[in-house]
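For reference, the structure discussed in these notes is given below.
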Amino acid sequence: MTETTVGIGGAAESTDMVLNIGPQHPSTHGVLRLRLVLDGERIASAEPVVGYMHRGAEKLFEARDYRQIVMLANRHDWLSAFSNELGVVMAVERMLGMEVPERAVWMRTLLAELNRVLNHLMFLGSYPLELGGITPIFHAFREREELQAVMEEISGGRMHYMFNRVGGLKEDLPAGWLGRARAAIADVHTRMDVYDKLVHGNEIFRGRTRGVGVLSAEAVHAYGVSGPIARASGVDFDLRRDEPYLAYGELQDVLKVVTRTEGDCLARFECLLDQTHNSLDLAVACLDRMEELLPGPVNQRLPKVLKAPEGHTYAWTENPLGINGYYLVSKGEKTPYRLKLRSASYNNIQALAVLLPGQLVADMVSILGSLFFVVGDIDK
């Protein structure tokens with residue numbers, strides 16, 4: 001009988017493994033790539049690699065006039081199209097020193113909050129799906145469909161609304177729209193307990209998310225993280241309250257800035273869920289106010305060729321995923337000299353570099369899904 005010894009190579013036990021998650025992977029919501037270095041079952045380092053979906057939106061802005069860039073701007077975060085449009089037109093209006101009619105201000109506020117609910121419902125349904133719970137996504141799409149119906153009726157679009165215009169909105173509300181919107185919001189409101197009970201109260205979901213992927217407030221400030229992710233780490237900042245725009249200054253008694261201190265995956269989900277409830281309340285408050293307004297214009301008359309005066313300005317809004325900013329530089333022409341886009345997801349996803357090291361590979365999907373990003377918003 002011959003004894004044979006099989007070797008596995010020198011120091012093989014201590015060799016790190018490099019693992020690519022993406023750029024095409026079910027957990028990455030699209031073409032995001034994560035380059036992970038693993039030490040056994042734990043992540044030693046993580047590098048988000050972005051740019052696979054880059055379309056050069058900022059360069060395209062320079063070759064489009066101020067009416068055309070609205071179409072480009074609403075596409076980088078395809079779940080928040082109305083809010084994306086809003087930042088652009090607010091920047092141009094600020095350059096022009098233009099006042100928007102009161103009716104348009106309240107309509108914009110209402111539609112921005114409905115857009116926020118549509119965005120959050122997608123993540124409230126898809127995040128449990130990534131952790132193995134298939135039922136919530138069906139509920140999320142039912143609620144989204146009801147709200148999308150009223151958004152489609154007013155704008156003609158289901159995702160890319162193209163309803164904002166420099167100086168106001170495309171057109172006034174259809175007859176009876178306020179009542180139909182109120183009924184849709186009420187229906188969604190009564191069914192939101194599905195996420196409270198089915199998801200938030202589920203012990204398996206809580207076991208996969210509580211204490212996992214803790215993001216410190218210091219890391220939030222260092223990486224410029226914003227939105228529900230930042231507020232889940234105790235950073236109490238919301239532009240709607242701290243620098244009110246549109247009609248938010250008159251809605252301070254309804255607006256509630258939801259925060260948590262834990263900074264884990266569960267806290268991020270809770271912030272998103274509670275913020276959805278509050279956005280529905282804000283939408284109802286806007287409907288109440290609009291029913292009191294007298295009929296009037298919803299936009300300003302513009303010249304055939306719109307030119308912004310020479311100068312620069314920065315307009316930022318509290319988008320569903322965080323701070324969305326546009327830095328506009330004009331040379332007095334009909335196209336921007338420069339239009340820099342500051343998107344929420346781009347900054348938020350950089351925090352993975354400090355969030356993933358030390359975590360188990362099995363928890364990577366839980367952490368990645370809890371950052372609630374859109375790949376187009378990262379790559380622009």
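Every chain in the structure tokens takes a letter, A first, then B, and so on in the order presented; its residues are numbered from 1, and the ligands are numbered from 1 following the presented order.
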Can you pull out every residue within 9 Å of A:His221, counting only C-alpha atoms, but drop anything in the same chain fewer than 5 positions away, and send it as a CSV table (one decimal) with N, CA and C atoms, in the first residue's frame?
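File written: part10.csv
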```
chain,number,residue,atom,x,y,z
A,216,SER,N,-22.0,55.2,10.0
A,216,SER,CA,-21.8,56.2,11.0
A,216,SER,C,-22.2,57.6,10.4
A,226,SER,N,-26.9,61.6,1.5
A,226,SER,CA,-28.0,62.4,1.8
A,226,SER,C,-29.3,61.5,1.7
A,230,ALA,N,-29.0,59.0,4.9
A,230,ALA,CA,-28.3,59.9,5.9
A,230,ALA,C,-29.1,60.0,7.1
A,235,VAL,N,-28.4,61.9,10.9
A,235,VAL,CA,-28.1,63.2,10.3
A,235,VAL,C,-29.5,63.9,9.9
```
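Residues with any atom within 6 Å of stretch 51-65 of chain A, counting only C-alpha atoms and excluding same-chain neighbours fewer than 5 positions away, are A:Lys334, A:Thr335, A:Pro336, A:Tyr337, A:Asp379, A:Lys380.
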For this session: Tell me which of A:Asp193, A:Glu203, A:Glu146, A:Glu47 sits closest to A:Leu266, counting only C-alpha atoms.
Result: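 Looking at the shortest contact to A:Leu266, the residue is A:Glu203.
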For this session: Give me the residues within 9 Å of A:Ser370 as an MDAnalysis selection string, counting only C-alpha atoms and dropping any in the same chain fewer than 2 places off.
Result: chainID A and resid 123 127 209 213 229 264:266 268:269 365:368 372:373
Problem set entry | Backbone DSSP call of strand (DSSP E or B) for stretch 64-243 of chain A, listed as an NGL selection string | :A and (164-165 or 168-169)
Problem set entry | Who sits within 12 Å of A:Arg180, only C-alpha atoms, same chain under 5 positions skipped, as a list in words | Glu146, Leu147, Gln148, Ala149, Val150, Met151, Glu153, Ile154, Leu173, Pro174, Ala175, Ile185, Ala186, Asp187 and Leu287 of chain A
Would you write out, as CSV, a table of all residues in stretch 140-223 of chain A that have an atom no more than 10 Å from an atom of stretch 298-305 of chain A, listing for each the closest atom pair and the distance in Å to one decimal, considering only C-alpha atoms and ordering rows by chain and rising residue number?
```
residue,atom,partner,partner_atom,distance
A:Asn164,CA,A:Asn299,CA,9.4
A:Arg165,CA,A:Asn299,CA,7.6
A:Val166,CA,A:Asn299,CA,7.9
A:Gly167,CA,A:Gln300,CA,5.0
A:Gly168,CA,A:Asn299,CA,4.0
A:Leu169,CA,A:Asn299,CA,5.6
A:Lys170,CA,A:Asn299,CA,7.3
A:Glu171,CA,A:Val298,CA,6.6
A:Asp172,CA,A:Val298,CA,6.2
A:Leu173,CA,A:Val298,CA,9.3
```
Export, as a PDB file, in the first residue's frame, the selected residues with C-alpha atoms.
```pdb
ATOM      1  CA  ASN A 164     -42.473  70.997 -15.787  1.00  0.00           C
ATOM      2  CA  ARG A 165     -41.765  74.069 -17.854  1.00  0.00           C
ATOM      3  CA  VAL A 166     -39.598  77.104 -17.188  1.00  0.00           C
ATOM      4  CA  GLY A 167     -42.100  79.424 -15.524  1.00  0.00           C
ATOM      5  CA  GLY A 168     -44.579  76.789 -14.349  1.00  0.00           C
ATOM      6  CA  LEU A 169     -46.213  73.669 -15.735  1.00  0.00           C
ATOM      7  CA  LYS A 170     -47.297  72.416 -19.145  1.00  0.00           C
ATOM      8  CA  GLU A 171     -51.030  72.880 -18.587  1.00  0.00           C
ATOM      9  CA  ASP A 172     -53.759  73.057 -15.953  1.00  0.00           C
ATOM     10  CA  LEU A 173     -55.442  70.114 -14.261  1.00  0.00           C
TER      11      LEU A 173
END
```
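For A:Ala308, the set of protein, DNA and RNA residues having any atom at most 7 Å away, when counting only C-alpha atoms and skipping those fewer than 2 positions along the same chain, is Val92, Met95, Leu96, Leu306, Glu310, Ser330, Gly332, Glu333 and Lys334 of chain A.
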Exercise. So which residues touch A:Ala353 within 8 Å, counting only C-alpha atoms, skipping near sequence neighbours fewer than 5 positions away, as a list in words?
Worked result: Ser45, Ala46, Glu47 and Pro48 of chain A
Exercise. DSSP says helix (DSSP H, G or I) for which residues of stretch 95-248 of chain A? Put them as a ChimeraX atom specification?
Worked result: /A:95-96,102-130,135-155,177-190,193-200,203-209,217-223,228-231,239-242,248
For this session: For each of A:Gly376, A:Tyr314, A:Arg33, A:Glu41, take the minimum atom-to-atom distance to A:Ser343, counting only C-alpha atoms, then give the residue where this is smallest.
Result: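 Closest to A:Ser343 of all the choices is A:Gly376.
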Exercise. Counting only C-alpha atoms, which of A:Arg289, A:Arg342, A:Arg191, A:Arg240 gets nearest to A:His76?
Worked result: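 Once distances to A:His76 are computed over only C-alpha atoms, the minimum belongs to A:Arg342.
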Exercise. With only C-alpha atoms as the atoms that count, which of A:Thr190, A:Ser80, A:Ser126, A:Ser233 lies nearest to A:Leu114?
Worked result: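 Of the candidates, the smallest distance to A:Leu114 is held by A:Ser80.
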